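Just input.csv here, CSV, C-alpha atoms and all ligand atoms:
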```
chain,number,residue,atom,x,y,z
A,1,MET,CA,0.0,0.0,0.0
A,2,THR,CA,1.3,3.5,-0.8
A,3,THR,CA,1.3,6.0,1.9
A,4,LYS,CA,-0.1,9.5,1.4
A,5,ILE,CA,2.3,12.4,0.5
A,6,PRO,CA,0.8,15.5,2.0
A,7,CYS,CA,1.3,18.8,0.2
A,8,LEU,CA,2.7,20.2,3.5
A,9,ASP,CA,3.5,18.3,6.7
A,10,LEU,CA,4.4,20.5,9.7
A,11,LYS,CA,4.5,17.7,12.2
A,12,ARG,CA,7.7,16.1,10.7
A,13,GLN,CA,9.6,19.3,11.5
A,14,TYR,CA,8.1,19.7,14.9
A,15,LEU,CA,9.2,16.2,15.9
A,16,GLN,CA,12.8,17.1,15.1
A,17,ILE,CA,12.8,20.1,17.4
A,18,ALA,CA,10.2,19.1,20.0
A,19,ASP,CA,12.6,19.1,22.9
A,20,GLU,CA,14.0,22.5,22.2
A,21,VAL,CA,10.5,23.9,21.7
A,22,ALA,CA,9.2,22.5,25.0
A,23,GLU,CA,12.2,24.1,26.8
A,24,ALA,CA,11.6,27.4,25.1
A,25,LEU,CA,7.9,27.5,25.9
A,26,LYS,CA,8.7,26.7,29.5
A,27,ALA,CA,11.2,29.5,29.7
A,28,VAL,CA,8.6,32.0,28.4
A,29,CYS,CA,6.2,30.8,31.0
A,30,GLU,CA,8.8,31.1,33.8
A,31,LYS,CA,9.6,34.6,32.7
A,32,THR,CA,5.9,35.4,32.1
A,33,ALA,CA,7.1,37.1,28.9
A,34,PHE,CA,3.9,36.5,27.0
A,35,ALA,CA,3.5,39.7,25.0
A,36,ASP,CA,6.5,41.2,23.3
A,37,GLY,CA,9.4,41.1,25.8
A,38,PRO,CA,12.9,39.6,25.9
A,39,PHE,CA,12.3,36.5,23.7
A,40,VAL,CA,10.8,38.7,21.0
A,41,GLU,CA,13.7,41.1,21.4
A,42,THR,CA,16.3,38.4,21.0
A,43,PHE,CA,14.6,37.1,17.9
A,44,GLU,CA,14.4,40.6,16.4
A,45,LYS,CA,18.2,41.0,16.9
A,46,ASN,CA,19.0,37.7,15.3
A,47,PHE,CA,16.5,38.0,12.5
A,48,ALA,CA,17.8,41.5,11.5
A,49,GLN,CA,21.3,39.9,11.4
A,50,ALA,CA,20.0,37.0,9.2
A,51,CYS,CA,18.3,39.5,6.8
A,52,GLU,CA,21.4,41.7,6.7
A,53,THR,CA,19.4,44.7,7.9
A,54,GLU,CA,19.9,47.2,10.7
A,55,CYS,CA,16.5,46.6,12.4
A,56,ALA,CA,13.8,44.0,12.7
A,57,VAL,CA,10.5,44.6,14.5
A,58,GLY,CA,8.3,41.6,15.4
A,59,VAL,CA,4.5,41.9,14.9
A,60,ASN,CA,1.5,39.6,15.0
A,61,SER,CA,1.3,38.7,11.3
A,62,GLY,CA,2.7,39.3,7.9
A,63,THR,CA,-0.5,41.2,7.0
A,64,SER,CA,0.2,43.5,10.0
A,65,ALA,CA,3.8,44.0,8.8
A,66,LEU,CA,2.6,45.2,5.4
A,67,HIS,CA,-0.2,47.3,7.0
A,68,LEU,CA,2.2,49.0,9.3
A,69,ALA,CA,4.7,49.7,6.5
A,70,MET,CA,1.8,51.5,4.7
A,71,ARG,CA,1.1,53.5,7.9
A,72,VAL,CA,4.7,54.5,8.4
A,73,LEU,CA,5.0,55.7,4.8
A,74,GLU,CA,1.8,57.8,5.4
A,75,ILE,CA,-0.1,56.2,2.5
A,76,GLN,CA,-3.7,57.2,2.8
A,77,ALA,CA,-7.1,57.8,1.2
A,78,GLY,CA,-6.7,59.0,-2.4
A,79,ASP,CA,-3.3,57.3,-2.8
A,80,GLU,CA,-2.6,54.4,-5.1
A,81,VAL,CA,-0.1,51.6,-4.6
A,82,ILE,CA,1.1,49.2,-7.4
A,83,VAL,CA,0.7,45.6,-6.4
A,84,PRO,CA,1.1,42.4,-8.5
A,85,ALA,CA,-2.1,40.7,-9.5
A,86,ASN,CA,-0.4,37.3,-8.8
A,87,THR,CA,0.1,37.3,-5.1
A,88,PHE,CA,-1.6,36.2,-1.9
A,89,ILE,CA,-4.4,38.7,-1.2
A,90,ALA,CA,-2.8,40.2,2.0
A,91,THR,CA,-0.4,42.3,-0.1
A,92,ALA,CA,-3.4,44.2,-1.4
A,93,TRP,CA,-5.2,44.2,2.0
A,94,ALA,CA,-2.4,46.4,3.4
A,95,VAL,CA,-3.1,49.1,0.8
A,96,SER,CA,-6.9,48.9,1.5
A,97,TYR,CA,-6.5,49.1,5.3
A,98,VAL,CA,-5.0,52.6,4.9
A,99,ASN,CA,-7.9,53.5,2.6
A,100,ALA,CA,-5.7,53.7,-0.4
A,101,THR,CA,-6.3,51.9,-3.7
A,102,PRO,CA,-4.3,48.8,-4.9
A,103,VAL,CA,-3.5,49.0,-8.6
A,104,PHE,CA,-2.9,45.6,-10.0
A,105,VAL,CA,-0.1,44.8,-12.5
A,106,ASP,CA,0.3,41.6,-14.4
A,107,CYS,CA,3.2,39.1,-13.8
A,108,THR,CA,5.5,38.0,-16.6
A,109,ALA,CA,4.6,34.8,-18.5
A,110,ASP,CA,7.7,33.0,-17.3
A,111,THR,CA,9.0,34.3,-13.9
A,112,TRP,CA,5.4,34.7,-12.6
A,113,ASN,CA,6.6,37.7,-10.6
A,114,ILE,CA,5.6,41.3,-11.4
A,115,ASP,CA,6.1,42.4,-15.0
A,116,VAL,CA,8.2,45.6,-14.6
A,117,SER,CA,7.5,46.7,-18.2
A,118,ALA,CA,3.8,46.8,-17.3
A,119,ILE,CA,4.2,49.0,-14.2
A,120,GLU,CA,5.0,52.4,-15.8
A,121,GLU,CA,1.7,52.8,-17.6
A,122,LYS,CA,-0.1,52.2,-14.3
A,123,ILE,CA,1.7,55.0,-12.5
A,124,SER,CA,-0.5,58.1,-12.0
A,125,PRO,CA,-0.1,61.4,-10.0
A,126,ARG,CA,-1.7,59.5,-7.1
A,127,THR,CA,0.8,56.6,-7.0
A,128,LYS,CA,2.8,56.6,-3.9
A,129,ALA,CA,4.5,53.2,-3.7
A,130,ILE,CA,5.2,49.8,-5.4
A,131,ILE,CA,5.0,46.6,-3.3
A,132,GLY,CA,7.3,44.0,-4.9
A,133,VAL,CA,6.5,40.4,-3.9
A,134,HIS,CA,9.1,37.6,-3.9
A,135,LEU,CA,6.5,35.0,-4.9
A,136,TYR,CA,6.9,31.3,-4.2
A,137,GLY,CA,10.3,32.2,-2.6
A,138,GLN,CA,11.9,33.7,-5.7
A,139,PRO,CA,13.0,37.4,-5.7
A,140,CYS,CA,11.2,39.7,-8.1
A,141,ASN,CA,13.3,41.8,-10.4
A,142,ILE,CA,14.4,44.1,-7.5
A,143,GLU,CA,16.8,46.4,-9.4
A,144,ALA,CA,14.4,47.1,-12.2
A,145,VAL,CA,11.5,47.7,-9.8
A,146,SER,CA,13.5,50.0,-7.5
A,147,ALA,CA,15.0,51.9,-10.4
A,148,LEU,CA,11.5,52.6,-11.7
A,149,ALA,CA,10.3,53.5,-8.2
A,150,LYS,CA,13.2,55.9,-7.8
A,151,LYS,CA,12.7,57.5,-11.2
A,152,ASN,CA,9.0,58.2,-10.3
A,153,LYS,CA,9.7,59.2,-6.7
A,154,LEU,CA,7.8,56.2,-5.3
A,155,TRP,CA,8.4,54.1,-2.2
A,156,PHE,CA,9.5,50.5,-2.8
A,157,VAL,CA,8.4,48.0,-0.2
A,158,GLU,CA,9.2,44.3,-0.3
A,159,ASP,CA,6.7,41.6,0.6
A,160,CYS,CA,9.0,38.9,1.7
A,161,ALA,CA,6.3,36.7,3.3
A,162,GLN,CA,7.4,33.7,1.1
A,163,ALA,CA,11.1,34.4,0.8
A,164,HIS,CA,13.0,34.0,4.2
A,165,GLY,CA,16.6,33.5,3.2
A,166,ALA,CA,16.1,34.2,-0.5
A,167,ARG,CA,18.8,36.3,-2.2
A,168,TYR,CA,18.9,38.8,-5.1
A,169,LYS,CA,22.4,38.9,-6.5
A,170,ARG,CA,23.7,37.4,-3.3
A,171,LYS,CA,22.1,39.9,-1.0
A,172,HIS,CA,19.2,38.9,1.3
A,173,VAL,CA,15.8,40.1,0.4
A,174,GLY,CA,14.1,42.6,2.8
A,175,GLY,CA,16.8,45.4,2.8
A,176,PHE,CA,16.4,46.6,-0.7
A,177,GLY,CA,13.3,48.8,-0.2
A,178,GLU,CA,12.1,51.1,2.5
A,179,MET,CA,10.9,48.1,4.5
A,180,GLY,CA,10.7,44.4,4.0
A,181,CYS,CA,7.7,42.6,5.4
A,182,PHE,CA,7.8,39.0,6.6
A,183,SER,CA,5.2,36.5,7.6
A,184,PHE,CA,5.8,33.7,10.0
A,185,TYR,CA,2.5,32.0,9.4
A,186,PRO,CA,3.1,28.3,10.3
A,187,GLY,CA,3.4,27.1,6.7
A,188,LYS,CA,6.0,29.6,5.7
A,189,ASN,CA,9.7,28.7,5.3
A,190,LEU,CA,10.2,30.2,8.8
A,191,GLY,CA,6.9,29.5,10.6
A,192,ALA,CA,5.7,30.3,14.1
A,193,TYR,CA,3.4,28.1,16.1
A,194,GLY,CA,0.7,30.6,15.8
A,195,GLU,CA,0.6,33.9,14.0
A,196,ALA,CA,3.5,36.3,13.6
A,197,GLY,CA,5.3,38.6,11.3
A,198,ALA,CA,8.1,41.2,11.1
A,199,VAL,CA,9.2,44.4,9.4
A,200,VAL,CA,12.9,44.7,8.6
A,201,THR,CA,14.5,48.0,7.6
A,202,ASN,CA,17.8,49.9,7.5
A,203,ASN,CA,16.0,53.0,8.7
A,204,SER,CA,15.8,53.3,12.5
A,205,ASN,CA,13.1,55.9,12.3
A,206,TYR,CA,10.9,53.5,10.5
A,207,ALA,CA,11.7,50.8,13.0
A,208,HIS,CA,10.9,53.1,15.9
A,209,HIS,CA,7.6,54.1,14.3
A,210,VAL,CA,6.6,50.4,13.7
A,211,LYS,CA,7.4,49.7,17.4
A,212,SER,CA,5.1,52.5,18.5
A,213,LEU,CA,2.3,51.6,16.1
A,214,ARG,CA,2.3,47.9,17.1
A,215,ASN,CA,1.9,48.9,20.7
A,216,HIS,CA,-1.1,51.3,20.7
A,217,GLY,CA,0.8,54.2,19.3
A,218,CYS,CA,2.8,54.8,22.5
A,219,GLN,CA,6.4,55.0,23.4
A,220,GLU,CA,5.7,55.8,27.0
A,221,ARG,CA,3.1,53.6,28.6
A,222,TYR,CA,-0.4,55.1,28.6
A,223,TYR,CA,0.7,58.1,26.6
A,224,HIS,CA,-0.7,57.7,23.0
A,225,ASP,CA,0.9,59.8,20.4
A,226,GLU,CA,-1.2,58.6,17.5
A,227,ILE,CA,-3.9,56.0,16.7
A,228,GLY,CA,-2.1,52.7,17.0
A,229,TYR,CA,-2.9,49.0,17.1
A,230,ASN,CA,-2.4,45.9,19.2
A,231,MET,CA,0.0,44.1,16.8
A,232,ARG,CA,2.7,42.9,19.2
A,233,MET,CA,4.4,39.5,18.7
A,234,ASP,CA,3.7,36.8,21.3
A,235,GLY,CA,6.5,35.8,23.5
A,236,PHE,CA,6.0,32.2,22.6
A,237,GLN,CA,6.3,33.0,18.9
A,238,GLY,CA,9.5,34.9,19.5
A,239,ALA,CA,11.1,32.0,21.4
A,240,ILE,CA,10.1,29.4,18.8
A,241,LEU,CA,11.1,31.5,15.9
A,242,ASP,CA,14.5,32.1,17.4
A,243,ILE,CA,15.1,28.3,17.6
A,244,LYS,CA,13.8,27.7,14.1
A,245,LEU,CA,15.9,30.6,12.7
A,246,ARG,CA,19.0,28.5,13.5
A,247,TYR,CA,17.8,25.8,11.1
A,248,LEU,CA,16.5,28.0,8.3
A,249,THR,CA,19.6,27.8,6.1
A,250,GLU,CA,19.7,24.0,6.4
A,251,TRP,CA,16.0,23.7,5.7
A,252,ASN,CA,16.1,26.1,2.7
A,253,ASN,CA,19.1,24.1,1.3
A,254,ARG,CA,17.0,20.9,1.5
A,255,ARG,CA,14.1,22.7,-0.3
A,256,LYS,CA,16.6,23.8,-3.0
A,257,ALA,CA,17.8,20.2,-3.4
A,258,ILE,CA,14.2,19.0,-3.7
A,259,ALA,CA,13.6,21.7,-6.3
A,260,LYS,CA,16.6,20.5,-8.3
A,261,MET,CA,15.2,17.0,-8.2
A,262,TYR,CA,11.9,18.3,-9.6
A,263,HIS,CA,13.7,20.4,-12.2
A,264,ASP,CA,15.9,17.5,-13.4
A,265,GLY,CA,13.3,14.7,-13.0
A,266,ILE,CA,10.2,16.2,-14.5
A,267,THR,CA,10.7,15.8,-18.2
A,268,THR,CA,7.1,15.7,-19.6
A,269,PRO,CA,6.6,18.6,-22.0
A,270,ARG,CA,3.1,19.1,-20.5
A,271,ILE,CA,4.6,20.8,-17.5
A,272,SER,CA,6.1,24.3,-17.2
A,273,MET,CA,8.0,25.6,-14.2
A,274,GLN,CA,8.8,29.1,-12.8
A,275,LYS,CA,11.7,30.5,-14.8
A,276,GLN,CA,14.6,31.4,-12.5
A,277,PRO,CA,16.7,34.3,-13.7
A,278,GLU,CA,20.4,34.0,-12.8
A,279,TRP,CA,20.2,36.7,-10.2
A,280,ALA,CA,17.5,35.0,-8.2
A,281,ASP,CA,18.4,32.6,-5.5
A,282,SER,CA,15.0,31.1,-4.6
A,283,VAL,CA,14.1,29.4,-1.3
A,284,TYR,CA,11.2,27.5,-2.9
A,285,HIS,CA,8.4,28.3,-0.4
A,286,LEU,CA,6.2,26.6,-3.0
A,287,PHE,CA,6.9,24.5,-6.0
A,288,VAL,CA,4.3,25.7,-8.5
A,289,ILE,CA,4.0,24.3,-12.0
A,290,THR,CA,1.5,24.9,-14.8
A,291,THR,CA,-0.1,22.4,-17.1
A,292,ASP,CA,-2.7,22.3,-19.9
A,293,ASP,CA,-5.1,20.2,-17.8
A,294,ARG,CA,-4.6,21.3,-14.2
A,295,ASP,CA,-7.7,19.6,-12.7
A,296,GLY,CA,-6.8,16.4,-14.5
A,297,LEU,CA,-3.3,16.4,-13.1
A,298,MET,CA,-4.6,17.1,-9.6
A,299,LYS,CA,-6.9,14.1,-9.8
A,300,HIS,CA,-4.2,11.9,-11.3
A,301,LEU,CA,-1.9,12.8,-8.4
A,302,GLN,CA,-4.7,12.3,-5.9
A,303,ALA,CA,-5.3,8.8,-7.2
A,304,GLN,CA,-1.7,8.0,-6.3
A,305,GLU,CA,-2.0,9.5,-2.8
A,306,ILE,CA,-0.1,12.7,-3.7
A,307,VAL,CA,-1.7,15.9,-2.4
A,308,SER,CA,-1.3,19.0,-4.5
A,309,ALA,CA,-2.7,22.5,-3.9
A,310,LEU,CA,-3.6,25.8,-5.7
A,311,HIS,CA,-1.7,29.0,-5.2
A,312,TYR,CA,-3.8,30.8,-6.2
A,313,PRO,CA,-7.1,29.9,-7.9
A,314,VAL,CA,-8.2,33.5,-8.4
A,315,PRO,CA,-5.8,36.5,-9.0
A,316,CYS,CA,-6.3,39.5,-6.8
A,317,HIS,CA,-7.8,41.8,-9.4
A,318,LEU,CA,-10.7,39.3,-10.0
A,319,GLN,CA,-11.5,38.7,-6.3
A,320,LYS,CA,-15.0,39.6,-5.3
A,321,ALA,CA,-13.6,41.9,-2.6
A,322,TYR,CA,-12.2,44.1,-5.3
A,323,ALA,CA,-15.1,44.0,-7.7
A,324,HIS,CA,-15.7,47.7,-7.0
A,325,LEU,CA,-12.4,48.5,-8.7
A,326,GLY,CA,-13.9,47.3,-12.0
A,327,TYR,CA,-11.2,45.0,-13.2
A,328,THR,CA,-12.4,42.5,-15.9
A,329,LYS,CA,-11.0,39.3,-17.2
A,330,GLY,CA,-8.3,39.9,-19.7
A,331,VAL,CA,-6.5,42.8,-18.1
A,332,CYS,CA,-3.8,40.6,-16.4
A,333,PRO,CA,-3.6,37.7,-18.8
A,334,ASN,CA,-0.6,36.0,-17.4
A,335,ALA,CA,-1.9,36.1,-13.8
A,336,GLU,CA,-5.2,34.8,-15.1
A,337,TYR,CA,-3.5,32.0,-17.0
A,338,LEU,CA,-1.6,31.0,-13.9
A,339,ALA,CA,-4.8,30.9,-11.8
A,340,ASP,CA,-6.4,28.5,-14.2
A,341,HIS,CA,-3.3,26.3,-14.9
A,342,CYS,CA,-1.2,26.3,-11.7
A,343,LEU,CA,-0.6,23.5,-9.3
A,344,SER,CA,1.7,23.3,-6.3
A,345,LEU,CA,3.6,20.1,-5.8
A,346,PRO,CA,4.6,18.9,-2.3
A,347,MET,CA,7.4,21.1,-1.0
A,348,TYR,CA,9.0,21.1,2.5
A,349,ALA,CA,12.4,20.3,3.9
A,350,GLU,CA,11.2,17.0,5.5
A,351,LEU,CA,10.1,15.4,2.2
A,352,MET,CA,12.2,12.2,1.7
A,353,ASP,CA,14.0,11.5,-1.6
A,354,GLU,CA,11.7,8.5,-2.2
A,355,GLU,CA,8.7,10.7,-1.9
A,356,VAL,CA,10.1,13.3,-4.3
A,357,GLN,CA,10.8,10.5,-6.7
A,358,ARG,CA,7.2,9.2,-6.4
A,359,VAL,CA,5.9,12.7,-7.3
A,360,ILE,CA,8.3,13.0,-10.3
A,361,GLU,CA,7.2,9.6,-11.6
A,362,ALA,CA,3.5,10.4,-11.1
A,363,VAL,CA,3.9,13.8,-12.9
A,364,ASN,CA,5.8,12.2,-15.8
A,365,ALA,CA,3.2,9.5,-16.2
A,366,PHE,CA,0.5,12.1,-16.6
A,401,LIG,C1,1.5,34.7,3.9
A,401,LIG,C2,1.5,36.0,3.1
A,401,LIG,C3,1.2,37.2,3.6
A,401,LIG,C4,0.4,37.4,4.9
A,401,LIG,O1,1.1,36.9,6.0
A,401,LIG,P1,0.2,36.5,7.3
A,401,LIG,O2,1.2,36.2,8.3
A,401,LIG,O3,-0.6,35.3,6.9
A,401,LIG,O4,-0.7,37.6,7.6
A,401,LIG,C5,1.4,38.4,2.8
A,401,LIG,N1,1.9,38.3,1.6
A,401,LIG,C6,2.2,37.1,1.0
A,401,LIG,C7,2.8,37.0,-0.3
A,401,LIG,C8,2.0,35.9,1.7
A,401,LIG,O5,2.4,34.7,1.2
```
Could you render the structure as structure tokens?
Amino acid sequence: MTTKIPCLDLKRQYLQIADEVAEALKAVCEKTAFADGPFVETFEKNFAQACETECAVGVNSGTSALHLAMRVLEIQAGDEVIVPANTFIATAWAVSYVNATPVFVDCTADTWNIDVSAIEEKISPRTKAIIGVHLYGQPCNIEAVSALAKKNKLWFVEDCAQAHGARYKRKHVGGFGEMGCFSFYPGKNLGAYGEAGAVVTNNSNYAHHVKSLRNHGCQERYYHDEIGYNMRMDGFQGAILDIKLRYLTEWNNRRKAIAKMYHDGITTPRISMQKQPEWADSVYHLFVITTDDRDGLMKHLQAQEIVSALHYPVPCHLQKAYAHLGYTKGVCPNAEYLADHCLSLPMYAELMDEEVQRVIEAVNAF
């Protein structure tokens, strides 16, 4: 009997670090450092170092990290922010939360990241920023996007939620723009045991401001300088993330090895993969492929006990939540093609070689 290969299995990783986790959770309890506090601070210091940035500020989710970046840049009602159509919806939420308008731009047909040549025509006098997303773990064309941002006097913000450890021309993502926003949602390459996120930056004023906003807009307790939020990171999450950060490179290297096996092993012409430019060092948060008959392939894999997933079935510009913006089918053809033809194969560091082989054989037999 064949055993099931889940698309993601967080338990395998937990079992490897269970003892360290138990100790860390106990330490948080003994110090009663539940909200923010010393464990979060230690993680922030280590995470900034890992990202090669001056500062890192822990928050309660990746969505909050993006939201606070928009607040810090004073983006507000009437402003527009360029966002890729092919991303997880939270990139756009951040823009909407500050009452600004996301302006969706198509991805390229091969890298599946934002199409830089399609950005300029979307820039208006109201445009304030571009959010670049390093989708599936692969850096977007950072130099081209930031050059365009600079030329048009726009902020460049990085959504690094899927790209912990990814590098653009050997430099870690997150420090290229004004701020880099990370998610530590459990399924991410660096995942918490609950919800968490972080903003990294080389600008200490920004870091200071994010710290105030995440904590009700105060620097001194009970003196509120502006309208803030409760977006602090949990002590438990800080402690767990600090343990897991030590394994991140090893885990990412294993993901890269699995990706290489997929690249080398999947030979059927019915499958296309994300093109990787030479400057992009991806950490393969997801391994997305496209095929002419996506639903057929999904069923074919399911019949062999291989679970695949869809990232994402509807591009942002066609989501019901944004129907009021008036986008129609056909305006972002590459993102729309992906939504209809993409499939994510199992991808996590704990996948065994035999399992990867089984996936490869099943895909080739399709
Ligand atoms: C996960 C994710 C987010 C949101 O992070 P949360 O921690 O779930 O709030 C934002 N952008 C992208 C691209 C993501 O993948």
**Message:** What residues of the protein or nucleic acid chains come within 10 Å of ligand LIG 401 (chain A) when you use all atoms listed in the file? Reply as number ranges by chain.
**Reply:** A: 59-67, 84, 86-94, 132-137, 158-163, 181-188, 191-192, 194-198, 285-286, 311
Quick one: write out the picked residues with C-alpha atoms as a PDB file, in the coordinates of the input?
```pdb
ATOM      1  CA  VAL A  59       4.500  41.900  14.900  1.00  0.00           C
ATOM      2  CA  ASN A  60       1.500  39.600  15.000  1.00  0.00           C
ATOM      3  CA  SER A  61       1.300  38.700  11.300  1.00  0.00           C
ATOM      4  CA  GLY A  62       2.700  39.300   7.900  1.00  0.00           C
ATOM      5  CA  THR A  63      -0.500  41.200   7.000  1.00  0.00           C
ATOM      6  CA  SER A  64       0.200  43.500  10.000  1.00  0.00           C
ATOM      7  CA  ALA A  65       3.800  44.000   8.800  1.00  0.00           C
ATOM      8  CA  LEU A  66       2.600  45.200   5.400  1.00  0.00           C
ATOM      9  CA  HIS A  67      -0.200  47.300   7.000  1.00  0.00           C
ATOM     10  CA  PRO A  84       1.100  42.400  -8.500  1.00  0.00           C
ATOM     11  CA  ASN A  86      -0.400  37.300  -8.800  1.00  0.00           C
ATOM     12  CA  THR A  87       0.100  37.300  -5.100  1.00  0.00           C
ATOM     13  CA  PHE A  88      -1.600  36.200  -1.900  1.00  0.00           C
ATOM     14  CA  ILE A  89      -4.400  38.700  -1.200  1.00  0.00           C
ATOM     15  CA  ALA A  90      -2.800  40.200   2.000  1.00  0.00           C
ATOM     16  CA  THR A  91      -0.400  42.300  -0.100  1.00  0.00           C
ATOM     17  CA  ALA A  92      -3.400  44.200  -1.400  1.00  0.00           C
ATOM     18  CA  TRP A  93      -5.200  44.200   2.000  1.00  0.00           C
ATOM     19  CA  ALA A  94      -2.400  46.400   3.400  1.00  0.00           C
ATOM     20  CA  GLY A 132       7.300  44.000  -4.900  1.00  0.00           C
ATOM     21  CA  VAL A 133       6.500  40.400  -3.900  1.00  0.00           C
ATOM     22  CA  HIS A 134       9.100  37.600  -3.900  1.00  0.00           C
ATOM     23  CA  LEU A 135       6.500  35.000  -4.900  1.00  0.00           C
ATOM     24  CA  TYR A 136       6.900  31.300  -4.200  1.00  0.00           C
ATOM     25  CA  GLY A 137      10.300  32.200  -2.600  1.00  0.00           C
ATOM     26  CA  GLU A 158       9.200  44.300  -0.300  1.00  0.00           C
ATOM     27  CA  ASP A 159       6.700  41.600   0.600  1.00  0.00           C
ATOM     28  CA  CYS A 160       9.000  38.900   1.700  1.00  0.00           C
ATOM     29  CA  ALA A 161       6.300  36.700   3.300  1.00  0.00           C
ATOM     30  CA  GLN A 162       7.400  33.700   1.100  1.00  0.00           C
ATOM     31  CA  ALA A 163      11.100  34.400   0.800  1.00  0.00           C
ATOM     32  CA  CYS A 181       7.700  42.600   5.400  1.00  0.00           C
ATOM     33  CA  PHE A 182       7.800  39.000   6.600  1.00  0.00           C
ATOM     34  CA  SER A 183       5.200  36.500   7.600  1.00  0.00           C
ATOM     35  CA  PHE A 184       5.800  33.700  10.000  1.00  0.00           C
ATOM     36  CA  TYR A 185       2.500  32.000   9.400  1.00  0.00           C
ATOM     37  CA  PRO A 186       3.100  28.300  10.300  1.00  0.00           C
ATOM     38  CA  GLY A 187       3.400  27.100   6.700  1.00  0.00           C
ATOM     39  CA  LYS A 188       6.000  29.600   5.700  1.00  0.00           C
ATOM     40  CA  GLY A 191       6.900  29.500  10.600  1.00  0.00           C
ATOM     41  CA  ALA A 192       5.700  30.300  14.100  1.00  0.00           C
ATOM     42  CA  GLY A 194       0.700  30.600  15.800  1.00  0.00           C
ATOM     43  CA  GLU A 195       0.600  33.900  14.000  1.00  0.00           C
ATOM     44  CA  ALA A 196       3.500  36.300  13.600  1.00  0.00           C
ATOM     45  CA  GLY A 197       5.300  38.600  11.300  1.00  0.00           C
ATOM     46  CA  ALA A 198       8.100  41.200  11.100  1.00  0.00           C
ATOM     47  CA  HIS A 285       8.400  28.300  -0.400  1.00  0.00           C
ATOM     48  CA  LEU A 286       6.200  26.600  -3.000  1.00  0.00           C
ATOM     49  CA  HIS A 311      -1.700  29.000  -5.200  1.00  0.00           C
TER      50      HIS A 311
END
```
*CA of Phe104 (chain A) and CA of Asn189 (chain A) are how many Å apart?*
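So the answer is 26.0 Å.
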Practice item. Dig up all the protein and nucleic acid residues within 12 Å of (-3.8, 15.0, -9.4) in the file frame, using only C-alpha atoms, and format them as an MDAnalysis selection string. Key: chainID A and resid 5 7 291 293:310 342:346 359 362:366
* **A:Cys55, A:Lys256, A:Leu190, A:Ala118 ranked by distance to Ile240 (chain A), top pick (using all atoms listed in the file)** =>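 Going through A:Cys55, A:Lys256, A:Leu190, A:Ala118 one by one, the smallest distance to Ile240 (chain A) is for A:Leu190.
With distances restricted to only C-alpha atoms, A:Thr53 is the closest residue to Val199 (chain A) from A:Gln16, A:Ser124, A:Thr32, A:Thr53.
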Using only C-alpha atoms, the shortest atom-to-atom distance to Ile131 (chain A) among A:Asp115, A:Lys151, A:Val81, A:Gln274 belongs to A:Val81
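Of note, CA of Tyr327 (chain A) and CA of Val145 (chain A) are spaced 23.1 Å apart.
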Taken to one decimal, the CA of Asn141 (chain A)-CA of Pro333 (chain A) distance is 19.3 Å
Exercise for the section: Counting only C-alpha atoms, find the residues whose atoms lie at most 12 Å from (6.0, 52.1, -16.7) (file coordinates) and write them out as a PyMOL selection string. Expected result: chain A and resi 82+105+115-124+127+130+144-145+147-149+151-152
Exercise for review: Would you please work out which residue, of A:Arg214, A:His324, A:His317, A:Arg167, is nearest to Ala280 (chain A) when using only C-alpha atoms?
Suggested key: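 Result for the nearest residue to Ala280 (chain A): A:Arg167.
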Close residues, Asp110 (chain A) itself excluded, 10 Å, all atoms listed in the file, min 3 positions apart in chain, as a PyMOL selection string = chain A and resi 107+113+115+272-277+334
Give the answer as one residue: which of A:Gly58, A:Gly326, A:Pro125, A:Gly177 has the shortest atom-to-atom distance to Glu44 (chain A), using all atoms listed in the file?
->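 Of the candidates, the smallest distance to Glu44 (chain A) is held by A:Gly58.
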_I'd like the neighbourhood of Tyr206 (chain A) as a PyMOL selection string, where a residue qualifies if any of its atoms comes within 10 Å (using all atoms listed in the file), though same-chain residues fewer than 5 positions away should be ignored._
chain A and resi 55+57+68-69+72-73+178-179+199-201+211-212
From the list A:Thr328, A:Asn230, A:Gln76, A:Ser204, the nearest residue to Cys316 (chain A) using only C-alpha atoms is A:Thr328
Could you pull region 105-109 of chain A out of the block above and give me N, CA, C and O atoms, as a PDB file, in the first residue's frame?
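Contents of result-v1.pdb, as written:
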```pdb
ATOM      1  N   VAL A 105      -0.986  44.915 -11.266  1.00  0.00           N
ATOM      2  CA  VAL A 105      -0.148  44.804 -12.457  1.00  0.00           C
ATOM      3  C   VAL A 105       0.114  43.319 -12.727  1.00  0.00           C
ATOM      4  O   VAL A 105       0.323  42.534 -11.791  1.00  0.00           O
ATOM      5  N   ASP A 106       0.124  42.951 -13.984  1.00  0.00           N
ATOM      6  CA  ASP A 106       0.297  41.551 -14.378  1.00  0.00           C
ATOM      7  C   ASP A 106       1.703  41.045 -14.022  1.00  0.00           C
ATOM      8  O   ASP A 106       2.641  41.828 -13.809  1.00  0.00           O
ATOM      9  N   CYS A 107       1.844  39.731 -14.001  1.00  0.00           N
ATOM     10  CA  CYS A 107       3.166  39.110 -13.845  1.00  0.00           C
ATOM     11  C   CYS A 107       3.695  38.762 -15.243  1.00  0.00           C
ATOM     12  O   CYS A 107       2.956  38.832 -16.220  1.00  0.00           O
ATOM     13  N   THR A 108       4.963  38.397 -15.324  1.00  0.00           N
ATOM     14  CA  THR A 108       5.483  37.966 -16.623  1.00  0.00           C
ATOM     15  C   THR A 108       5.025  36.527 -16.872  1.00  0.00           C
ATOM     16  O   THR A 108       4.673  35.795 -15.939  1.00  0.00           O
ATOM     17  N   ALA A 109       5.064  36.119 -18.128  1.00  0.00           N
ATOM     18  CA  ALA A 109       4.594  34.785 -18.496  1.00  0.00           C
ATOM     19  C   ALA A 109       5.539  33.693 -18.014  1.00  0.00           C
ATOM     20  O   ALA A 109       5.151  32.540 -17.884  1.00  0.00           O
TER      21      ALA A 109
END
```
